[in-house]
file run_4.pdb (PDB, C-alpha atoms)
ATOM      1  CA  MET A1063      19.696 -68.014  50.448
ATOM      2  CA  LEU A1064      22.855 -68.270  48.392
ATOM      3  CA  THR A1065      24.219 -64.783  47.886
ATOM      4  CA  GLN A1066      27.372 -65.590  45.960
ATOM      5  CA  THR A1067      27.959 -67.023  42.508
ATOM      6  CA  THR A1068      28.103 -70.769  42.960
ATOM      7  CA  SER A1069      26.947 -74.189  41.774
ATOM      8  CA  ARG A1070      25.532 -77.089  43.758
ATOM      9  CA  VAL A1071      23.535 -80.292  43.401
ATOM     10  CA  LEU A1072      19.836 -79.439  43.606
ATOM     11  CA  GLU A1073      17.546 -81.095  46.132
ATOM     12  CA  PRO A1074      13.832 -82.027  45.950
ATOM     13  CA  SER A1075      12.961 -78.744  47.669
ATOM     14  CA  ASP A1076      14.431 -76.876  44.658
ATOM     15  CA  LEU A1077      11.842 -78.313  42.271
ATOM     16  CA  ASP A1078       9.808 -75.148  41.654
ATOM     17  CA  ALA A1079      12.922 -73.067  40.975
ATOM     18  CA  ALA A1080      14.288 -75.710  38.594
ATOM     19  CA  LEU A1081      10.998 -75.929  36.684
ATOM     20  CA  ALA A1082      10.982 -72.140  36.328
ATOM     21  CA  VAL A1083      14.365 -72.330  34.584
ATOM     22  CA  LEU A1084      13.241 -75.232  32.382
ATOM     23  CA  ASP A1085      10.075 -73.364  31.387
ATOM     24  CA  ARG A1086      12.143 -70.539  29.893
ATOM     25  CA  GLU A1087      12.817 -72.723  26.827
ATOM     26  CA  PRO A1088       9.992 -75.287  26.777
ATOM     27  CA  VAL A1089      10.832 -76.776  23.358
ATOM     28  CA  ALA A1090      14.595 -77.179  23.752
ATOM     29  CA  ASN A1091      14.196 -78.427  27.327
ATOM     30  CA  ALA A1092      11.297 -80.841  26.742
ATOM     31  CA  PHE A1093      13.380 -83.980  27.354
ATOM     32  CA  VAL A1094      14.683 -82.905  30.756
ATOM     33  CA  THR A1095      11.461 -81.149  31.769
ATOM     34  CA  ALA A1096       9.462 -84.325  31.157
ATOM     35  CA  ARG A1097      11.816 -86.334  33.371
ATOM     36  CA  VAL A1098      11.750 -83.757  36.164
ATOM     37  CA  GLN A1099       7.960 -83.471  36.090
ATOM     38  CA  ILE A1100       7.669 -87.239  36.546
ATOM     39  CA  ALA A1101      10.568 -87.911  38.927
ATOM     40  CA  GLY A1102      11.269 -84.639  40.695
ATOM     41  CA  LEU A1103      14.870 -83.919  41.664
ATOM     42  CA  ASP A1104      15.653 -86.968  43.779
ATOM     43  CA  PRO A1105      18.680 -88.516  42.025
ATOM     44  CA  TRP A1106      17.448 -92.095  42.461
ATOM     45  CA  ARG A1107      14.146 -91.363  40.743
ATOM     46  CA  LEU A1108      15.541 -88.861  38.241
ATOM     47  CA  GLY A1109      18.325 -91.180  37.104
ATOM     48  CA  GLY A1110      20.985 -88.570  37.748
ATOM     49  CA  GLU A1111      21.786 -85.326  39.522
ATOM     50  CA  MET A1112      20.540 -81.873  38.616
ATOM     51  CA  TRP A1113      23.235 -79.261  39.044
ATOM     52  CA  GLY A1114      22.246 -75.662  39.605
ATOM     53  CA  TRP A1115      24.131 -72.417  38.989
ATOM     54  CA  TYR A1116      23.266 -69.385  41.083
ATOM     55  CA  GLU A1117      23.846 -65.724  40.269
ATOM     56  CA  HIS A1118      23.308 -63.381  43.229
ATOM     57  CA  GLY A1119      21.239 -65.990  45.010
ATOM     58  CA  MET A1120      18.982 -66.773  42.044
ATOM     59  CA  LEU A1121      18.977 -70.104  40.209
ATOM     60  CA  THR A1122      19.708 -69.198  36.579
ATOM     61  CA  SER A1123      21.193 -72.295  34.879
ATOM     62  CA  LEU A1124      20.941 -76.066  35.153
ATOM     63  CA  CYS A1125      22.832 -79.149  34.032
ATOM     64  CA  TYR A1126      21.322 -82.634  34.071
ATOM     65  CA  ALA A1127      24.004 -85.222  34.853
ATOM     66  CA  GLY A1128      22.721 -88.719  34.209
ATOM     67  CA  ALA A1129      23.078 -91.084  31.258
ATOM     68  CA  ASN A1130      23.391 -87.849  29.284
ATOM     69  CA  LEU A1131      25.070 -84.622  30.353
ATOM     70  CA  VAL A1132      22.679 -81.809  29.338
ATOM     71  CA  PRO A1133      23.393 -78.071  29.874
ATOM     72  CA  ILE A1134      20.153 -76.099  30.281
ATOM     73  CA  CYS A1135      19.816 -72.322  29.841
ATOM     74  CA  ALA A1136      23.500 -72.257  30.742
ATOM     75  CA  THR A1137      25.469 -68.998  30.700
ATOM     76  CA  PRO A1138      29.196 -69.122  29.891
ATOM     77  CA  ARG A1139      30.081 -68.834  33.583
ATOM     78  CA  ALA A1140      27.633 -71.616  34.411
ATOM     79  CA  VAL A1141      29.130 -73.845  31.719
ATOM     80  CA  ARG A1142      32.589 -73.391  33.232
ATOM     81  CA  ALA A1143      31.264 -74.309  36.665
ATOM     82  CA  PHE A1144      29.467 -77.376  35.288
ATOM     83  CA  ALA A1145      32.614 -78.443  33.428
ATOM     84  CA  ASP A1146      34.631 -78.174  36.657
ATOM     85  CA  ARG A1147      32.096 -80.319  38.492
ATOM     86  CA  ALA A1148      31.986 -82.862  35.656
ATOM     87  CA  ARG A1149      35.773 -83.138  35.561
ATOM     88  CA  ARG A1150      35.939 -83.758  39.298
ATOM     89  CA  ALA A1151      33.206 -86.402  39.142
ATOM     90  CA  GLY A1152      34.674 -88.173  36.102
ATOM     91  CA  ARG A1153      32.737 -89.202  33.019
ATOM     92  CA  ARG A1154      29.685 -91.316  33.817
ATOM     93  CA  CYS A1155      27.527 -90.367  30.845
ATOM     94  CA  SER A1156      27.272 -91.948  27.393
ATOM     95  CA  SER A1157      26.786 -88.589  25.676
ATOM     96  CA  ILE A1158      26.718 -84.819  26.074
ATOM     97  CA  VAL A1159      23.731 -83.264  24.339
ATOM     98  CA  GLY A1160      22.102 -79.855  24.353
ATOM     99  CA  PRO A1161      21.893 -76.500  22.566
ATOM    100  CA  ALA A1162      24.793 -76.319  20.137
ATOM    101  CA  ASP A1163      26.573 -73.222  21.472
ATOM    102  CA  THR A1164      26.602 -74.192  25.148
ATOM    103  CA  THR A1165      27.340 -77.840  24.414
ATOM    104  CA  ALA A1166      30.286 -76.832  22.223
ATOM    105  CA  GLN A1167      31.664 -74.681  25.053
ATOM    106  CA  LEU A1168      31.167 -77.503  27.565
ATOM    107  CA  TRP A1169      32.916 -80.004  25.290
ATOM    108  CA  ARG A1170      35.885 -77.676  24.704
ATOM    109  CA  LEU A1171      36.421 -77.614  28.458
ATOM    110  CA  LEU A1172      35.903 -81.364  28.962
ATOM    111  CA  GLU A1173      37.619 -82.772  25.872
ATOM    112  CA  PRO A1174      41.187 -82.628  27.289
ATOM    113  CA  GLY A1175      40.164 -84.947  30.109
ATOM    114  CA  TRP A1176      37.226 -86.840  28.618
ATOM    115  CA  GLY A1177      38.256 -87.146  24.973
ATOM    116  CA  PRO A1178      38.489 -88.423  22.454
ATOM    117  CA  ALA A1179      34.790 -88.833  21.732
ATOM    118  CA  ARG A1180      33.539 -91.679  19.580
ATOM    119  CA  GLU A1181      31.681 -89.126  17.452
ATOM    120  CA  VAL A1182      30.839 -85.417  17.597
ATOM    121  CA  ARG A1183      27.693 -84.187  15.837
ATOM    122  CA  ALA A1184      28.245 -80.455  16.033
ATOM    123  CA  HIS A1185      25.082 -79.234  14.304
ATOM    124  CA  GLN A1186      21.751 -81.021  14.640
ATOM    125  CA  PRO A1187      18.886 -78.764  13.525
ATOM    126  CA  LEU A1188      16.058 -78.415  16.060
ATOM    127  CA  MET A1189      12.741 -78.351  14.215
ATOM    128  CA  VAL A1190       9.176 -77.624  15.323
ATOM    129  CA  ALA A1191       5.647 -77.877  13.949
ATOM    130  CA  ASP A1192       2.358 -76.703  15.426
ATOM    131  CA  HIS A1193      -0.115 -77.666  12.695
ATOM    132  CA  LEU A1194      -0.684 -80.397  10.136
ATOM    133  CA  PRO A1195       0.527 -79.998   6.547
ATOM    134  CA  ALA A1196      -2.122 -79.012   4.031
ATOM    135  CA  ASP A1197      -0.746 -81.110   1.181
ATOM    136  CA  ILE A1198       0.268 -84.418   2.806
ATOM    137  CA  ALA A1199      -2.412 -86.790   4.048
ATOM    138  CA  PRO A1200      -1.484 -88.714   7.203
ATOM    139  CA  ASP A1201      -0.841 -92.410   6.540
ATOM    140  CA  PRO A1202      -4.047 -94.169   7.692
ATOM    141  CA  TYR A1203      -2.089 -97.358   8.440
ATOM    142  CA  VAL A1204       0.162 -95.721  11.045
ATOM    143  CA  ARG A1205      -1.295 -96.421  14.486
ATOM    144  CA  ARG A1206      -0.389 -96.828  18.122
ATOM    145  CA  VAL A1207       1.612 -99.963  18.886
ATOM    146  CA  ARG A1208      -0.277-102.303  21.210
ATOM    147  CA  LYS A1209       1.234-103.795  24.337
ATOM    148  CA  ASP A1210       1.021-107.292  22.840
ATOM    149  CA  GLU A1211       3.185-106.158  19.884
ATOM    150  CA  MET A1212       6.440-105.674  21.790
ATOM    151  CA  GLU A1213       8.081-108.599  19.969
ATOM    152  CA  ARG A1214       7.227-106.932  16.656
ATOM    153  CA  ILE A1215       8.374-103.419  17.460
ATOM    154  CA  MET A1216      11.541-104.288  19.382
ATOM    155  CA  PRO A1217      13.680-105.439  16.388
ATOM    156  CA  ALA A1218      12.808-102.225  14.541
ATOM    157  CA  CYS A1219      13.773-100.132  17.582
ATOM    158  CA  VAL A1220      17.094-101.962  17.901
ATOM    159  CA  ALA A1221      17.804-101.514  14.181
ATOM    160  CA  MET A1222      16.991 -97.786  14.351
ATOM    161  CA  PHE A1223      19.154 -97.218  17.438
ATOM    162  CA  THR A1224      22.114 -99.133  16.011
ATOM    163  CA  GLU A1225      21.887 -97.282  12.702
ATOM    164  CA  GLU A1226      21.540 -93.881  14.406
ATOM    165  CA  VAL A1227      24.000 -94.157  17.294
ATOM    166  CA  GLY A1228      26.490 -96.626  15.852
ATOM    167  CA  ILE A1229      26.301 -99.177  18.677
ATOM    168  CA  SER A1230      23.623-101.680  19.672
ATOM    169  CA  PRO A1231      21.358-100.840  22.625
ATOM    170  CA  LEU A1232      21.622-104.518  23.564
ATOM    171  CA  ALA A1233      25.266-104.133  24.573
ATOM    172  CA  GLY A1234      26.173-104.081  28.244
ATOM    173  CA  ASP A1235      23.068-105.220  30.105
ATOM    174  CA  GLY A1236      21.678-107.311  27.250
ATOM    175  CA  GLY A1237      19.177-104.609  26.401
ATOM    176  CA  LEU A1238      17.171-104.698  29.638
ATOM    177  CA  LEU A1239      17.115-100.930  30.107
ATOM    178  CA  TYR A1240      16.387-100.289  26.437
ATOM    179  CA  GLN A1241      13.588-102.853  26.361
ATOM    180  CA  ALA A1242      12.086-101.264  29.473
ATOM    181  CA  ARG A1243      12.158 -97.850  27.772
ATOM    182  CA  VAL A1244      10.478 -99.202  24.633
ATOM    183  CA  ALA A1245       7.853-100.928  26.788
ATOM    184  CA  GLU A1246       7.253 -97.653  28.646
ATOM    185  CA  LEU A1247       6.599 -95.795  25.389
ATOM    186  CA  VAL A1248       4.328 -98.550  24.083
ATOM    187  CA  GLY A1249       2.451 -98.720  27.389
ATOM    188  CA  SER A1250       1.897 -94.957  27.460
ATOM    189  CA  GLY A1251       0.550 -94.894  23.893
ATOM    190  CA  ARG A1252       3.500 -92.950  22.498
ATOM    191  CA  SER A1253       4.880 -95.590  20.101
ATOM    192  CA  PHE A1254       3.555 -95.584  16.517
ATOM    193  CA  ALA A1255       4.109 -97.882  13.559
ATOM    194  CA  ARG A1256       2.863 -99.152  10.253
ATOM    195  CA  PHE A1257       3.012-102.927   9.797
ATOM    196  CA  ASP A1258       3.017-104.888   6.544
ATOM    197  CA  THR A1259       0.760-107.863   5.891
ATOM    198  CA  ASP A1260       3.286-110.164   7.587
ATOM    199  CA  GLY A1261       3.287-108.064  10.739
ATOM    200  CA  LYS A1262       6.715-106.547  10.116
ATOM    201  CA  VAL A1263       7.348-102.901  10.944
ATOM    202  CA  VAL A1264       7.816-100.778   7.818
ATOM    203  CA  PHE A1265       7.679 -97.342   9.536
ATOM    204  CA  LYS A1266       7.923 -96.316  13.161
ATOM    205  CA  ALA A1267       8.395 -93.315  15.427
ATOM    206  CA  GLU A1268       7.891 -92.454  19.078
ATOM    207  CA  ILE A1269       6.948 -89.421  21.116
ATOM    208  CA  GLY A1270       9.876 -89.721  23.486
ATOM    209  CA  ALA A1271       9.313 -86.732  25.761
ATOM    210  CA  ALA A1272       6.104 -84.889  26.557
ATOM    211  CA  THR A1273       5.157 -81.861  28.641
ATOM    212  CA  ASP A1274       2.085 -79.624  28.601
ATOM    213  CA  HIS A1275       3.934 -77.176  26.336
ATOM    214  CA  ALA A1276       5.862 -79.375  23.899
ATOM    215  CA  CYS A1277       6.689 -82.926  22.932
ATOM    216  CA  GLN A1278       9.556 -84.475  21.002
ATOM    217  CA  ILE A1279       9.380 -87.088  18.254
ATOM    218  CA  GLN A1280      12.281 -89.556  18.163
ATOM    219  CA  GLY A1281      13.248 -92.869  16.622
ATOM    220  CA  VAL A1282      11.889 -92.187  13.139
ATOM    221  CA  TRP A1283      12.751 -95.182  10.990
ATOM    222  CA  VAL A1284      11.722 -96.805   7.705
ATOM    223  CA  ALA A1285      12.670-100.425   7.049
ATOM    224  CA  PRO A1286      15.529-100.472   4.499
ATOM    225  CA  GLU A1287      13.588-102.474   1.928
ATOM    226  CA  TYR A1288      10.756 -99.900   2.031
ATOM    227  CA  ARG A1289      12.893 -96.770   1.681
ATOM    228  CA  GLY A1290      12.306 -94.603  -1.347
ATOM    229  CA  ARG A1291       8.603 -95.501  -1.537
ATOM    230  CA  GLY A1292       7.273 -92.297  -0.015
ATOM    231  CA  LEU A1293       6.290 -93.749   3.364
ATOM    232  CA  ALA A1294       8.191 -91.328   5.598
ATOM    233  CA  ALA A1295       6.269 -88.080   5.001
ATOM    234  CA  PRO A1296       2.729 -89.548   5.374
ATOM    235  CA  GLY A1297       3.977 -91.570   8.358
ATOM    236  CA  MET A1298       5.370 -88.454  10.028
ATOM    237  CA  ALA A1299       2.160 -86.578   9.268
ATOM    238  CA  ALA A1300       0.237 -89.340  11.052
ATOM    239  CA  VAL A1301       2.462 -89.178  14.138
ATOM    240  CA  LEU A1302       2.270 -85.373  14.089
ATOM    241  CA  ARG A1303      -1.534 -85.597  14.036
ATOM    242  CA  TYR A1304      -1.555 -87.876  17.088
ATOM    243  CA  ALA A1305       0.938 -85.634  18.891
ATOM    244  CA  LEU A1306      -0.966 -82.391  18.304
ATOM    245  CA  ALA A1307      -4.318 -83.948  19.145
ATOM    246  CA  ASP A1308      -3.348 -85.901  22.255
ATOM    247  CA  VAL A1309      -0.055 -84.638  23.676
ATOM    248  CA  ALA A1310       1.069 -81.021  23.206
ATOM    249  CA  PRO A1311       0.485 -77.911  21.048
ATOM    250  CA  VAL A1312       4.076 -77.856  19.736
ATOM    251  CA  VAL A1313       5.931 -80.869  18.356
ATOM    252  CA  SER A1314       9.710 -80.875  18.034
ATOM    253  CA  LEU A1315      12.546 -83.101  16.861
ATOM    254  CA  TYR A1316      16.212 -82.770  16.124
ATOM    255  CA  VAL A1317      18.018 -84.340  13.212
ATOM    256  CA  ASN A1318      21.590 -84.820  12.010
ATOM    257  CA  ASP A1319      22.554 -82.081   9.575
ATOM    258  CA  PHE A1320      24.043 -84.665   7.198
ATOM    259  CA  ASN A1321      20.728 -86.532   6.943
ATOM    260  CA  THR A1322      19.444 -84.503   4.015
ATOM    261  CA  ALA A1323      16.638 -86.940   3.155
ATOM    262  CA  ALA A1324      15.184 -86.750   6.667
ATOM    263  CA  ARG A1325      15.455 -82.958   6.810
ATOM    264  CA  ARG A1326      13.678 -82.702   3.469
ATOM    265  CA  THR A1327      10.904 -85.008   4.704
ATOM    266  CA  TYR A1328      10.414 -83.056   7.918
ATOM    267  CA  ARG A1329      10.227 -79.765   6.004
ATOM    268  CA  ARG A1330       7.594 -81.275   3.704
ATOM    269  CA  VAL A1331       5.502 -82.194   6.735
ATOM    270  CA  GLY A1332       5.750 -78.608   8.017
ATOM    271  CA  PHE A1333       8.630 -78.688  10.502
ATOM    272  CA  GLN A1334      10.740 -75.524  10.597
ATOM    273  CA  GLU A1335      14.239 -75.061  11.993
ATOM    274  CA  VAL A1336      14.319 -72.934  15.151
ATOM    275  CA  GLY A1337      17.768 -73.717  16.529
ATOM    276  CA  ALA A1338      20.380 -76.436  16.744
ATOM    277  CA  PHE A1339      21.534 -79.136  19.130
ATOM    278  CA  MET A1340      24.945 -80.752  19.429
ATOM    279  CA  SER A1341      25.731 -84.298  20.544
ATOM    280  CA  VAL A1342      29.019 -85.755  21.737
ATOM    281  CA  LEU A1343      28.899 -89.575  21.745
ATOM    282  CA  PHE A1344      31.244 -91.765  23.802
TER     283      PHE A1344
END
call {"tool": "encode", "arguments": {"input": "run_4.pdb", "output": "structure tokens"}}
result
Amino acid sequence: MLTQTTSRVLEPSDLDAALAVLDREPVANAFVTARVQIAGLDPWRLGGEMWGWYEHGMLTSLCYAGANLVPICATPRAVRAFADRARRAGRRCSSIVGPADTTAQLWRLLEPGWGPAREVRAHQPLMVADHLPADIAPDPYVRRVRKDEMERIMPACVAMFTEEVGISPLAGDGGLLYQARVAELVGSGRSFARFDTDGKVVFKAEIGAATDHACQIQGVWVAPEYRGRGLAAPGMAAVLRYALADVAPVVSLYVNDFNTAARRTYRRVGFQEVGAFMSVLF
């Protein structure tokens, strides 16, 4: 047993202890929890390392270090230890994302060596819903995307990602990893869309992470030529209905604070703010 205050890379045998930490905040941690439940803590399967922080021999804080750097239930002392480890390793991630307070502390410590960032989104409201809205009928034309519709959904996913993140997901490897992720969501029945009569996507969203306790909606997008027609709220209500019925009892998402139209739509569908995330994009 570790008796001092220290951090280390977790091993597969630490899985139960890591899940106990993740379960302390099931909504905020849904993304990482879902990955760990599927892949365990082996770095090759997980797609990154899980760092642990110990206080008096007990695992109290985590940090996922993969394509994203994600502090989890991290105390100020843990954040400092994670920042030290991240500095020594050098930046390998494309973003830092997590609860706003701890992520802000982590970025303050890393910015001198890792900065400047391409963009910092300091306040992204975390919103949850656990029931359907009484006054908005789910769009009956929003449905699960079929496996044979990859060629239809992929351009919409690329457009959403580019608009949201500011760079194309096709850069670098030609989009192989991104296409595999989209195919995974379609194959698992967690990709939803409404198509027009020509087969073009006019609304889409995915359930990107799912655990027994919570799931997270991502990639909400309305085709530009269809914006302002009232498709977003009924579309979100439809995805929320699928999520509550088939996936988890609590549905979450996080949104940029400057996206007032989206925040208004989510509130109409019944989502309430329960916290905030922060993202640092490189």
call {"tool": "closest_residue", "arguments": {"input": "run_4.pdb", "among": "A:Arg1325, A:Arg1291, A:Arg1183, A:Arg1147", "to": "Met1112 (chain A)", "atoms": "only C-alpha atoms"}}
result
A:Arg1147
call {"tool": "resolve_selection", "arguments": {"input": "run_4.pdb", "expression": "the PyMOL selection byres ((chain A and resi 1301) around 10)", "output": "VMD selection string"}}
result
chain A and resid 1200 to 1201 1204 to 1206 1252 to 1255 1266 to 1269 1279 1282 1295 to 1300 1302 to 1307 1313
call {"tool": "closest_residue", "arguments": {"input": "run_4.pdb", "among": "A:Ala1191, A:Ala1242, A:Ala1080, A:Ala1218", "to": "Tyr1316 (chain A)", "atoms": "all atoms listed in the file"}}
result
A:Ala1191
call {"tool": "closest_residue", "arguments": {"input": "run_4.pdb", "among": "A:Phe1144, A:Thr1327, A:Val1083, A:Phe1344", "to": "Pro1195 (chain A)", "atoms": "only C-alpha atoms"}}
result
A:Thr1327
call {"tool": "resolve_selection", "arguments": {"input": "run_4.pdb", "expression": "the PyMOL selection byres ((chain A and resi 1219) around 12)", "output": "ChimeraX atom specification"}}
result
/A:1212-1218,1220-1227,1230-1232,1237,1240-1241,1243-1245,1247-1248,1253-1255,1263-1268,1280-1285
call {"tool": "write_last_selection", "arguments": {"input": "run_4.pdb", "atoms": "C-alpha atoms", "output": "short mmCIF file (atom, residue, chain, number, x, y, z; two decimals), in the coordinates of the input"}}
result
data_model
loop_
_atom_site.label_atom_id
_atom_site.label_comp_id
_atom_site.auth_asym_id
_atom_site.auth_seq_id
_atom_site.Cartn_x
_atom_site.Cartn_y
_atom_site.Cartn_z
CA MET A 1212 6.44 -105.67 21.79
CA GLU A 1213 8.08 -108.60 19.97
CA ARG A 1214 7.23 -106.93 16.66
CA ILE A 1215 8.37 -103.42 17.46
CA MET A 1216 11.54 -104.29 19.38
CA PRO A 1217 13.68 -105.44 16.39
CA ALA A 1218 12.81 -102.22 14.54
CA VAL A 1220 17.09 -101.96 17.90
CA ALA A 1221 17.80 -101.51 14.18
CA MET A 1222 16.99 -97.79 14.35
CA PHE A 1223 19.15 -97.22 17.44
CA THR A 1224 22.11 -99.13 16.01
CA GLU A 1225 21.89 -97.28 12.70
CA GLU A 1226 21.54 -93.88 14.41
CA VAL A 1227 24.00 -94.16 17.29
CA SER A 1230 23.62 -101.68 19.67
CA PRO A 1231 21.36 -100.84 22.62
CA LEU A 1232 21.62 -104.52 23.56
CA GLY A 1237 19.18 -104.61 26.40
CA TYR A 1240 16.39 -100.29 26.44
CA GLN A 1241 13.59 -102.85 26.36
CA ARG A 1243 12.16 -97.85 27.77
CA VAL A 1244 10.48 -99.20 24.63
CA ALA A 1245 7.85 -100.93 26.79
CA LEU A 1247 6.60 -95.80 25.39
CA VAL A 1248 4.33 -98.55 24.08
CA SER A 1253 4.88 -95.59 20.10
CA PHE A 1254 3.56 -95.58 16.52
CA ALA A 1255 4.11 -97.88 13.56
CA VAL A 1263 7.35 -102.90 10.94
CA VAL A 1264 7.82 -100.78 7.82
CA PHE A 1265 7.68 -97.34 9.54
CA LYS A 1266 7.92 -96.32 13.16
CA ALA A 1267 8.40 -93.32 15.43
CA GLU A 1268 7.89 -92.45 19.08
CA GLN A 1280 12.28 -89.56 18.16
CA GLY A 1281 13.25 -92.87 16.62
CA VAL A 1282 11.89 -92.19 13.14
CA TRP A 1283 12.75 -95.18 10.99
CA VAL A 1284 11.72 -96.80 7.70
CA ALA A 1285 12.67 -100.42 7.05
#
call {"tool": "residues_around", "arguments": {"input": "run_4.pdb", "residues": "Leu1108 (chain A)", "least_positions_apart": "6", "cutoff": "12 Å", "atoms": "all atoms listed in the file", "output": "short mmCIF file (atom, residue, chain, number, x, y, z; two decimals) with C-alpha atoms, in the coordinates of the input"}}
result
data_model
loop_
_atom_site.label_atom_id
_atom_site.label_comp_id
_atom_site.auth_asym_id
_atom_site.auth_seq_id
_atom_site.Cartn_x
_atom_site.Cartn_y
_atom_site.Cartn_z
CA LEU A 1072 19.84 -79.44 43.61
CA GLU A 1073 17.55 -81.10 46.13
CA PRO A 1074 13.83 -82.03 45.95
CA LEU A 1077 11.84 -78.31 42.27
CA VAL A 1094 14.68 -82.90 30.76
CA THR A 1095 11.46 -81.15 31.77
CA ALA A 1096 9.46 -84.32 31.16
CA ARG A 1097 11.82 -86.33 33.37
CA VAL A 1098 11.75 -83.76 36.16
CA GLN A 1099 7.96 -83.47 36.09
CA ILE A 1100 7.67 -87.24 36.55
CA ALA A 1101 10.57 -87.91 38.93
CA GLY A 1102 11.27 -84.64 40.70
CA TYR A 1126 21.32 -82.63 34.07
CA ALA A 1127 24.00 -85.22 34.85
CA GLY A 1128 22.72 -88.72 34.21
CA ALA A 1129 23.08 -91.08 31.26
CA ASN A 1130 23.39 -87.85 29.28
#
call {"tool": "resolve_selection", "arguments": {"input": "run_4.pdb", "expression": "the PyMOL selection byres ((chain A and resi 1311) around 7)", "output": "PyMOL selection string"}}
result
chain A and resi 1192+1275-1276+1306+1310+1312-1313
call {"tool": "closest_residue", "arguments": {"input": "run_4.pdb", "among": "A:Ser1250, A:Asn1091, A:Gln1186, A:Thr1068", "to": "Val1141 (chain A)", "atoms": "all atoms listed in the file"}}
result
A:Thr1068
call {"tool": "atom_distance", "arguments": {"input": "run_4.pdb", "atom1": "CA of Tyr1203 (chain A)", "atom2": "CA of Lys1262 (chain A)"}}
result
12.8 Å
call {"tool": "closest_residue", "arguments": {"input": "run_4.pdb", "among": "A:Ser1123, A:Thr1259, A:Gln1278, A:Gln1167", "to": "Arg1086 (chain A)", "atoms": "all atoms listed in the file"}}
result
A:Ser1123
call {"tool": "atom_distance", "arguments": {"input": "run_4.pdb", "atom1": "CA of Leu1131 (chain A)", "atom2": "CA of Pro1187 (chain A)"}}
result
18.9 Å
call {"tool": "decode", "arguments": {"input": "run_4.pdb", "residues": "region 1139-1152 of chain A", "atoms": "N, CA and C atoms", "output": "compact mmCIF listing (two decimals), in the first residue's frame"}}
result
# COMPACT_ATOMS: atom_id res chain seq x y z
N ARG A 1139 -3.95 19.75 -4.72
CA ARG A 1139 -2.65 19.09 -4.65
C ARG A 1139 -2.52 18.06 -5.78
N ALA A 1140 -3.60 17.37 -6.09
CA ALA A 1140 -3.57 16.40 -7.17
C ALA A 1140 -3.32 17.10 -8.50
N VAL A 1141 -3.98 18.24 -8.71
CA VAL A 1141 -3.79 18.98 -9.96
C VAL A 1141 -2.33 19.38 -10.13
N ARG A 1142 -1.69 19.82 -9.06
CA ARG A 1142 -0.28 20.19 -9.16
C ARG A 1142 0.58 18.98 -9.54
N ALA A 1143 0.27 17.84 -8.94
CA ALA A 1143 1.03 16.63 -9.27
C ALA A 1143 0.80 16.21 -10.72
N PHE A 1144 -0.44 16.31 -11.18
CA PHE A 1144 -0.74 15.95 -12.57
C PHE A 1144 -0.06 16.92 -13.54
N ALA A 1145 -0.04 18.20 -13.17
CA ALA A 1145 0.63 19.19 -14.03
C ALA A 1145 2.12 18.88 -14.12
N ASP A 1146 2.74 18.52 -13.00
CA ASP A 1146 4.17 18.16 -13.02
C ASP A 1146 4.41 16.97 -13.95
N ARG A 1147 3.57 15.96 -13.84
CA ARG A 1147 3.73 14.78 -14.69
C ARG A 1147 3.51 15.14 -16.16
N ALA A 1148 2.52 15.98 -16.44
CA ALA A 1148 2.24 16.36 -17.82
C ALA A 1148 3.38 17.18 -18.41
N ARG A 1149 3.96 18.06 -17.62
CA ARG A 1149 5.10 18.85 -18.10
C ARG A 1149 6.27 17.96 -18.45
N ARG A 1150 6.56 16.98 -17.59
CA ARG A 1150 7.68 16.09 -17.84
C ARG A 1150 7.46 15.25 -19.10
N ALA A 1151 6.21 14.82 -19.31
CA ALA A 1151 5.91 13.97 -20.46
C ALA A 1151 5.87 14.77 -21.75
N GLY A 1152 5.56 16.06 -21.67
CA GLY A 1152 5.37 16.86 -22.88
C GLY A 1152 3.95 16.72 -23.39
